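Asks: One file is attached below, structure18.cif, containing mmCIF, C-alpha atoms; chains and numbers go by the auth columns.
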```
data_query
#
loop_
_atom_site.group_PDB
_atom_site.id
_atom_site.type_symbol
_atom_site.label_atom_id
_atom_site.label_comp_id
_atom_site.label_asym_id
_atom_site.label_seq_id
_atom_site.Cartn_x
_atom_site.Cartn_y
_atom_site.Cartn_z
_atom_site.B_iso_or_equiv
_atom_site.auth_seq_id
_atom_site.auth_asym_id
ATOM 1 C CA MET A 1 23.837 -2.947 74.615 0.00 366 A
ATOM 2 C CA MET A 2 26.392 -4.971 72.656 0.00 367 A
ATOM 3 C CA ARG A 3 29.174 -2.726 73.945 0.00 368 A
ATOM 4 C CA LEU A 4 28.042 -3.320 77.558 0.00 369 A
ATOM 5 C CA ALA A 5 27.978 -7.093 77.014 0.00 370 A
ATOM 6 C CA VAL A 6 31.503 -7.023 75.577 0.00 371 A
ATOM 7 C CA MET A 7 32.750 -4.914 78.497 0.00 372 A
ATOM 8 C CA LEU A 8 31.143 -7.285 81.019 0.00 373 A
ATOM 9 C CA GLY A 9 32.671 -10.243 79.207 0.00 374 A
ATOM 10 C CA VAL A 10 36.131 -8.660 79.288 0.00 375 A
ATOM 11 C CA MET A 11 35.722 -7.882 82.996 0.00 376 A
ATOM 12 C CA LEU A 12 34.670 -11.451 83.747 0.00 377 A
ATOM 13 C CA VAL A 13 37.601 -12.948 81.827 0.00 378 A
ATOM 14 C CA SER A 14 39.986 -10.504 83.547 0.00 379 A
ATOM 15 C CA ALA A 15 38.632 -11.394 86.984 0.00 380 A
ATOM 16 C CA CYS A 16 39.079 -15.097 86.289 0.00 381 A
ATOM 17 C CA ALA A 17 42.612 -14.549 85.021 0.00 382 A
ATOM 18 C CA LEU A 18 43.555 -12.575 88.142 0.00 383 A
ATOM 19 C CA SER A 19 42.058 -14.934 90.700 0.00 384 A
ATOM 20 C CA PRO A 20 44.565 -17.288 92.267 0.00 385 A
ATOM 21 C CA ALA A 21 44.783 -20.799 90.940 0.00 386 A
ATOM 22 C CA PRO A 22 43.397 -23.364 93.327 0.00 387 A
ATOM 23 C CA GLY A 23 46.044 -24.968 95.525 0.00 388 A
ATOM 24 C CA PRO A 24 46.664 -28.666 95.933 0.00 389 A
ATOM 25 C CA SER A 25 43.938 -30.862 97.374 0.00 390 A
ATOM 26 C CA ALA A 26 44.297 -32.380 100.848 0.00 391 A
ATOM 27 C CA ASN A 27 45.526 -35.617 99.261 0.00 392 A
ATOM 28 C CA GLU A 28 48.055 -33.738 97.136 0.00 393 A
ATOM 29 C CA LEU A 29 49.280 -31.834 100.224 0.00 394 A
ATOM 30 C CA ALA A 30 49.710 -35.138 102.056 0.00 395 A
ATOM 31 C CA LEU A 31 51.772 -36.439 99.124 0.00 396 A
ATOM 32 C CA LEU A 32 53.873 -33.243 99.116 0.00 397 A
ATOM 33 C CA ASN A 33 54.460 -33.702 102.858 0.00 398 A
ATOM 34 C CA ILE A 34 55.738 -37.231 102.173 0.00 399 A
ATOM 35 C CA GLN A 35 57.983 -35.879 99.409 0.00 400 A
ATOM 36 C CA VAL A 36 59.509 -33.239 101.704 0.00 401 A
ATOM 37 C CA ARG A 37 60.056 -35.787 104.493 0.00 402 A
ATOM 38 C CA ALA A 38 61.784 -38.064 101.983 0.00 403 A
ATOM 39 C CA ALA A 39 63.887 -35.165 100.667 0.00 404 A
ATOM 40 C CA GLU A 40 64.955 -34.183 104.200 0.00 405 A
ATOM 41 C CA ALA A 41 65.808 -37.787 105.050 0.00 406 A
ATOM 42 C CA ALA A 42 67.813 -38.157 101.823 0.00 407 A
ATOM 43 C CA PHE A 43 69.545 -34.835 102.566 0.00 408 A
ATOM 44 C CA ALA A 44 70.550 -36.171 106.000 0.00 409 A
ATOM 45 C CA GLN A 45 71.771 -39.413 104.415 0.00 410 A
ATOM 46 C CA THR A 46 74.271 -37.449 102.327 0.00 411 A
ATOM 47 C CA MET A 47 76.132 -36.758 105.592 0.00 412 A
ATOM 48 C CA ALA A 48 75.935 -40.376 106.768 0.00 413 A
ATOM 49 C CA ARG A 49 77.186 -41.619 103.369 0.00 414 A
ATOM 50 C CA ARG A 50 79.857 -38.870 103.232 0.00 415 A
ATOM 51 C CA ASP A 51 78.505 -37.835 99.811 0.00 416 A
ATOM 52 C CA PHE A 52 79.216 -34.132 99.435 0.00 417 A
ATOM 53 C CA ALA A 53 78.169 -34.055 95.766 0.00 418 A
ATOM 54 C CA ALA A 54 74.715 -35.358 96.716 0.00 419 A
ATOM 55 C CA PHE A 55 74.499 -32.804 99.566 0.00 420 A
ATOM 56 C CA GLN A 56 75.100 -29.975 97.098 0.00 421 A
ATOM 57 C CA ALA A 57 72.192 -31.089 94.914 0.00 422 A
ATOM 58 C CA PHE A 58 69.745 -30.343 97.752 0.00 423 A
ATOM 59 C CA VAL A 59 70.910 -26.732 98.238 0.00 424 A
ATOM 60 C CA ALA A 60 69.074 -24.060 96.221 0.00 425 A
ATOM 61 C CA ASP A 61 71.192 -21.581 94.266 0.00 426 A
ATOM 62 C CA ASP A 62 69.899 -18.688 96.400 0.00 427 A
ATOM 63 C CA ALA A 63 69.957 -20.560 99.723 0.00 428 A
ATOM 64 C CA VAL A 64 70.787 -18.925 103.051 0.00 429 A
ATOM 65 C CA PHE A 65 72.177 -21.163 105.804 0.00 430 A
ATOM 66 C CA ILE A 66 72.816 -19.721 109.264 0.00 431 A
ATOM 67 C CA SER A 67 76.067 -20.981 110.766 0.00 432 A
ATOM 68 C CA ASP A 68 76.929 -19.853 114.302 0.00 433 A
ATOM 69 C CA GLY A 69 74.701 -16.822 113.797 0.00 434 A
ATOM 70 C CA THR A 70 76.341 -15.853 110.511 0.00 435 A
ATOM 71 C CA PRO A 71 74.393 -16.111 107.261 0.00 436 A
ATOM 72 C CA LEU A 72 75.993 -18.030 104.429 0.00 437 A
ATOM 73 C CA ARG A 73 74.464 -16.602 101.253 0.00 438 A
ATOM 74 C CA GLY A 74 74.167 -18.589 98.052 0.00 439 A
ATOM 75 C CA LYS A 75 74.929 -22.166 97.152 0.00 440 A
ATOM 76 C CA ALA A 76 78.668 -21.546 96.625 0.00 441 A
ATOM 77 C CA GLN A 77 79.143 -20.038 100.098 0.00 442 A
ATOM 78 C CA VAL A 78 77.015 -22.710 101.774 0.00 443 A
ATOM 79 C CA ASN A 79 78.903 -25.515 100.045 0.00 444 A
ATOM 80 C CA ALA A 80 82.311 -23.980 100.778 0.00 445 A
ATOM 81 C CA HIS A 81 81.460 -23.891 104.493 0.00 446 A
ATOM 82 C CA TRP A 82 79.757 -27.296 104.684 0.00 447 A
ATOM 83 C CA GLN A 83 82.517 -29.165 102.843 0.00 448 A
ATOM 84 C CA GLN A 84 84.446 -29.383 106.145 0.00 449 A
ATOM 85 C CA TYR A 85 81.682 -31.559 107.622 0.00 450 A
ATOM 86 C CA PHE A 86 82.251 -34.154 104.893 0.00 451 A
ATOM 87 C CA GLU A 87 85.958 -34.591 105.568 0.00 452 A
ATOM 88 C CA GLY A 88 86.982 -37.704 107.446 0.00 453 A
ATOM 89 C CA ALA A 89 85.466 -41.150 107.614 0.00 454 A
ATOM 90 C CA GLN A 90 82.910 -40.446 110.364 0.00 455 A
ATOM 91 C CA PRO A 91 80.191 -37.801 110.206 0.00 456 A
ATOM 92 C CA PRO A 92 80.498 -35.145 112.936 0.00 457 A
ATOM 93 C CA PHE A 93 76.717 -35.114 113.425 0.00 458 A
ATOM 94 C CA SER A 94 73.471 -36.428 111.990 0.00 459 A
ATOM 95 C CA TRP A 95 69.888 -35.222 111.834 0.00 460 A
ATOM 96 C CA GLN A 96 66.414 -36.468 111.064 0.00 461 A
ATOM 97 C CA PRO A 97 63.093 -34.808 110.328 0.00 462 A
ATOM 98 C CA GLU A 98 60.393 -34.819 112.997 0.00 463 A
ATOM 99 C CA VAL A 99 57.900 -32.207 111.859 0.00 464 A
ATOM 100 C CA ILE A 100 57.111 -31.365 108.236 0.00 465 A
ATOM 101 C CA GLU A 101 54.567 -28.757 107.162 0.00 466 A
ATOM 102 C CA VAL A 102 53.737 -27.768 103.581 0.00 467 A
ATOM 103 C CA LEU A 103 52.059 -24.467 102.713 0.00 468 A
ATOM 104 C CA ASP A 104 48.587 -24.767 101.222 0.00 469 A
ATOM 105 C CA SER A 105 50.052 -23.444 97.954 0.00 470 A
ATOM 106 C CA GLY A 106 52.350 -26.484 97.815 0.00 471 A
ATOM 107 C CA ALA A 107 55.327 -24.247 96.981 0.00 472 A
ATOM 108 C CA LEU A 108 57.156 -24.112 100.328 0.00 473 A
ATOM 109 C CA ALA A 109 57.641 -26.463 103.243 0.00 474 A
ATOM 110 C CA TYR A 110 59.154 -26.361 106.724 0.00 475 A
ATOM 111 C CA SER A 111 61.076 -29.162 108.384 0.00 476 A
ATOM 112 C CA THR A 112 62.543 -29.432 111.858 0.00 477 A
ATOM 113 C CA GLY A 113 64.031 -32.095 114.053 0.00 478 A
ATOM 114 C CA PRO A 114 66.933 -33.144 116.261 0.00 479 A
ATOM 115 C CA VAL A 115 70.634 -32.985 115.464 0.00 480 A
ATOM 116 C CA TYR A 116 72.667 -35.783 117.046 0.00 481 A
ATOM 117 C CA ALA A 117 76.302 -35.987 118.155 0.00 482 A
ATOM 118 C CA PRO A 118 78.136 -39.160 117.095 0.00 483 A
ATOM 119 C CA ASP A 119 77.319 -40.700 120.494 0.00 484 A
ATOM 120 C CA GLY A 120 73.572 -40.219 119.910 0.00 485 A
ATOM 121 C CA ARG A 121 73.023 -37.234 122.230 0.00 486 A
ATOM 122 C CA VAL A 122 70.724 -34.518 120.924 0.00 487 A
ATOM 123 C CA VAL A 123 72.946 -31.449 120.672 0.00 488 A
ATOM 124 C CA ALA A 124 70.845 -29.143 118.499 0.00 489 A
ATOM 125 C CA ARG A 125 67.712 -28.783 116.424 0.00 490 A
ATOM 126 C CA PHE A 126 67.515 -27.761 112.821 0.00 491 A
ATOM 127 C CA ALA A 127 64.887 -25.741 111.018 0.00 492 A
ATOM 128 C CA SER A 128 64.809 -25.746 107.216 0.00 493 A
ATOM 129 C CA THR A 129 62.609 -24.155 104.596 0.00 494 A
ATOM 130 C CA TRP A 130 62.205 -26.103 101.367 0.00 495 A
ATOM 131 C CA ARG A 131 61.020 -24.780 98.000 0.00 496 A
ATOM 132 C CA ARG A 132 59.531 -26.887 95.235 0.00 497 A
ATOM 133 C CA GLU A 133 61.495 -25.917 92.150 0.00 498 A
ATOM 134 C CA ALA A 134 60.251 -25.764 88.552 0.00 499 A
ATOM 135 C CA ASP A 135 61.685 -29.243 87.945 0.00 500 A
ATOM 136 C CA GLY A 136 59.525 -30.598 90.805 0.00 501 A
ATOM 137 C CA ARG A 137 62.484 -31.222 93.138 0.00 502 A
ATOM 138 C CA TRP A 138 62.510 -29.876 96.669 0.00 503 A
ATOM 139 C CA ARG A 139 65.583 -27.817 97.602 0.00 504 A
ATOM 140 C CA VAL A 140 66.572 -26.096 100.844 0.00 505 A
ATOM 141 C CA ILE A 141 66.351 -22.301 100.697 0.00 506 A
ATOM 142 C CA PHE A 142 66.804 -21.514 104.421 0.00 507 A
ATOM 143 C CA ASP A 143 68.520 -23.616 107.062 0.00 508 A
ATOM 144 C CA ASN A 144 69.392 -22.972 110.680 0.00 509 A
ATOM 145 C CA GLY A 145 70.763 -25.363 113.264 0.00 510 A
ATOM 146 C CA PHE A 146 70.648 -24.104 116.806 0.00 511 A
ATOM 147 C CA ALA A 147 72.036 -25.501 120.047 0.00 512 A
ATOM 148 C CA VAL A 148 69.709 -27.143 122.513 0.00 513 A
ATOM 149 C CA CYS A 149 69.697 -25.235 125.771 0.00 514 A
ATOM 150 C CA PRO A 150 70.384 -27.469 128.780 0.00 515 A
ATOM 151 C CA PRO A 151 67.438 -27.784 131.211 0.00 516 A
ATOM 152 C CA ARG A 152 67.512 -25.531 134.276 0.00 517 A
#
```
Starting from the file, give its structure as structure tokens.
Replies:
Amino acid sequence: MMRLAVMLGVMLVSACALSPAPGPSANELALLNIQVRAAEAAFAQTMARRDFAAFQAFVADDAVFISDGTPLRGKAQVNAHWQQYFEGAQPPFSWQPEVIEVLDSGALAYSTGPVYAPDGRVVARFASTWRREADGRWRVIFDNGFAVCPPR
């Protein structure tokens, strides 16, 4: 009988250890959504301020950015390509978040919104995936800007 009780106890502890930890509450998810929106807005401001060093801080080490259909793999490749957009006094484009969604786990988020030409015309949309890192900061792991198709 004692052996059965010990076995049941071990099984119960094992089951509890293997069950997923509860995710963030609705209020915590709302706060995470605000954090991602703020991170995306600050990321966009790096372009407006011409601050390439700040831009780099938002890119995850293992990020993949799609540029003209070609994947740029890793922070070094992404930064090498994007440095051209920070040359000159005026930014070649700007963007802002419209839609932000955070997974129920609170680990990943999606952001999308318009990309503007210097004259204010919408010329593309971006779609980014953000990951909450161990230090609590949100960093971009996937990014894709795609041209807006003209209406027919």
Asks: Give me the result of the PyMOL selection byres ((chain A and resi 453-467) around 7) on this file, residue by residue, as a list in words.
Replies: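 Selected by the PyMOL selection byres ((chain A and resi 453-467) around 7) in this file: Leu394, Asn398, Arg402, Glu405, Ala406, Ala409, Met412, Ala413, Tyr450, Phe451, Glu452, Leu468, Asp469, Gly471, Leu473, Ala474, Tyr475, Ser476, Thr477, Gly478, Pro479, Val480, Tyr481, Ala482 and Pro483 of chain A.
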Asks: Determine the residue set returned by the PyMOL selection byres ((chain A and resi 438) around 10) for the present structure, and present it as a PyMOL selection string.
Replies: chain A and resi 426-431+435-437+439-443+506-507
Asks: One number please: atom CA of A:His446 to atom CA of A:Arg497, in Å, one decimal.
Replies: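 According to the coordinates, atom CA of A:His446 and atom CA of A:Arg497 are separated by 24.0 Å.
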Asks: Just give me the gap between atom CA of A:Arg415 and atom CA of A:Val401 in Å, one decimal is fine.
Replies: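 Rounded to one decimal, the two atoms are 21.2 Å apart.
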Asks: Could you jot down the atom CA of A:Asp508 to atom CA of A:Phe491 separation for me, Å, one decimal place?
Replies: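 Atom-to-atom, atom CA of A:Asp508 to atom CA of A:Phe491, that is 7.2 Å.
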Asks: Take the PyMOL selection byres ((chain A and resi 420-422) around 7), run it mentally on this structure, and tell me the resulting residues as JSON, numbers by chain.
Replies: {"A": [408, 411, 416, 417, 418, 419, 423, 424, 444]}
Asks: Export C-alpha atoms of the chosen residues as a compact mmCIF listing (two decimals), keeping the file's coordinate frame?
Replies:
```txt
# COMPACT_ATOMS: atom_id res chain seq x y z
CA PHE A 408 69.54 -34.84 102.57
CA THR A 411 74.27 -37.45 102.33
CA ASP A 416 78.50 -37.84 99.81
CA PHE A 417 79.22 -34.13 99.44
CA ALA A 418 78.17 -34.06 95.77
CA ALA A 419 74.72 -35.36 96.72
CA PHE A 423 69.74 -30.34 97.75
CA VAL A 424 70.91 -26.73 98.24
CA ASN A 444 78.90 -25.52 100.04
```
Asks: Taking all atoms listed in the file into account, name the residue in A:Arg496, A:Gln449, A:Ala407, A:Gly510 that is nearest to A:Ser432.
Replies: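 With all atoms listed in the file as the atom set, the closest residue is A:Gly510.
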Asks: Let me make sure I understand: among A:Ala499, A:Ala403, A:Leu396, A:Val505, which one has the smallest atom-to-atom distance to A:Ala425 if we use all atoms listed in the file?
Replies: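 Using all atoms listed in the file, A:Ala425 sits closest to A:Val505.
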Asks: Generate N, CA and C atoms for stretch 398-421 of chain A and emit them as a short mmCIF file (atom, residue, chain, number, x, y, z; two decimals), keeping the file's coordinate frame.
Replies:
```
data_model
loop_
_atom_site.label_atom_id
_atom_site.label_comp_id
_atom_site.auth_asym_id
_atom_site.auth_seq_id
_atom_site.Cartn_x
_atom_site.Cartn_y
_atom_site.Cartn_z
N ASN A 398 53.86 -33.54 101.54
CA ASN A 398 54.46 -33.70 102.86
C ASN A 398 55.39 -34.92 102.86
N ILE A 399 54.93 -36.02 102.27
CA ILE A 399 55.74 -37.23 102.17
C ILE A 399 56.99 -36.96 101.33
N GLN A 400 56.84 -36.21 100.26
CA GLN A 400 57.98 -35.88 99.41
C GLN A 400 59.03 -35.06 100.17
N VAL A 401 58.57 -34.08 100.95
CA VAL A 401 59.51 -33.24 101.70
C VAL A 401 60.20 -34.07 102.78
N ARG A 402 59.44 -34.92 103.47
CA ARG A 402 60.06 -35.79 104.49
C ARG A 402 61.12 -36.68 103.85
N ALA A 403 60.82 -37.22 102.69
CA ALA A 403 61.78 -38.06 101.98
C ALA A 403 63.00 -37.25 101.54
N ALA A 404 62.77 -36.02 101.08
CA ALA A 404 63.89 -35.16 100.67
C ALA A 404 64.78 -34.83 101.86
N GLU A 405 64.17 -34.50 103.00
CA GLU A 405 64.96 -34.18 104.20
C GLU A 405 65.74 -35.40 104.67
N ALA A 406 65.12 -36.56 104.65
CA ALA A 406 65.81 -37.79 105.05
C ALA A 406 66.96 -38.10 104.10
N ALA A 407 66.75 -37.91 102.81
CA ALA A 407 67.81 -38.16 101.82
C ALA A 407 68.93 -37.12 101.99
N PHE A 408 68.56 -35.89 102.31
CA PHE A 408 69.54 -34.84 102.57
C PHE A 408 70.42 -35.24 103.75
N ALA A 409 69.80 -35.72 104.82
CA ALA A 409 70.55 -36.17 106.00
C ALA A 409 71.44 -37.37 105.66
N GLN A 410 70.98 -38.24 104.79
CA GLN A 410 71.77 -39.41 104.42
C GLN A 410 73.04 -39.04 103.65
N THR A 411 73.05 -37.87 103.01
CA THR A 411 74.27 -37.45 102.33
C THR A 411 75.42 -37.33 103.33
N MET A 412 75.11 -36.88 104.55
CA MET A 412 76.13 -36.76 105.59
C MET A 412 76.57 -38.15 106.04
N ALA A 413 75.62 -39.02 106.30
CA ALA A 413 75.94 -40.38 106.77
C ALA A 413 76.77 -41.13 105.73
N ARG A 414 76.46 -40.93 104.45
CA ARG A 414 77.19 -41.62 103.37
C ARG A 414 78.47 -40.90 102.98
N ARG A 415 78.68 -39.68 103.55
CA ARG A 415 79.86 -38.87 103.23
C ARG A 415 79.86 -38.48 101.76
N ASP A 416 78.69 -38.13 101.23
CA ASP A 416 78.50 -37.84 99.81
C ASP A 416 78.24 -36.34 99.62
N PHE A 417 79.32 -35.58 99.54
CA PHE A 417 79.22 -34.13 99.44
C PHE A 417 78.55 -33.69 98.13
N ALA A 418 78.79 -34.40 97.05
CA ALA A 418 78.17 -34.06 95.77
C ALA A 418 76.64 -34.15 95.87
N ALA A 419 76.17 -35.20 96.54
CA ALA A 419 74.72 -35.36 96.72
C ALA A 419 74.17 -34.26 97.62
N PHE A 420 74.91 -33.90 98.68
CA PHE A 420 74.50 -32.80 99.57
C PHE A 420 74.25 -31.54 98.75
N GLN A 421 75.19 -31.20 97.87
CA GLN A 421 75.10 -29.98 97.10
C GLN A 421 73.85 -29.91 96.23
#
```
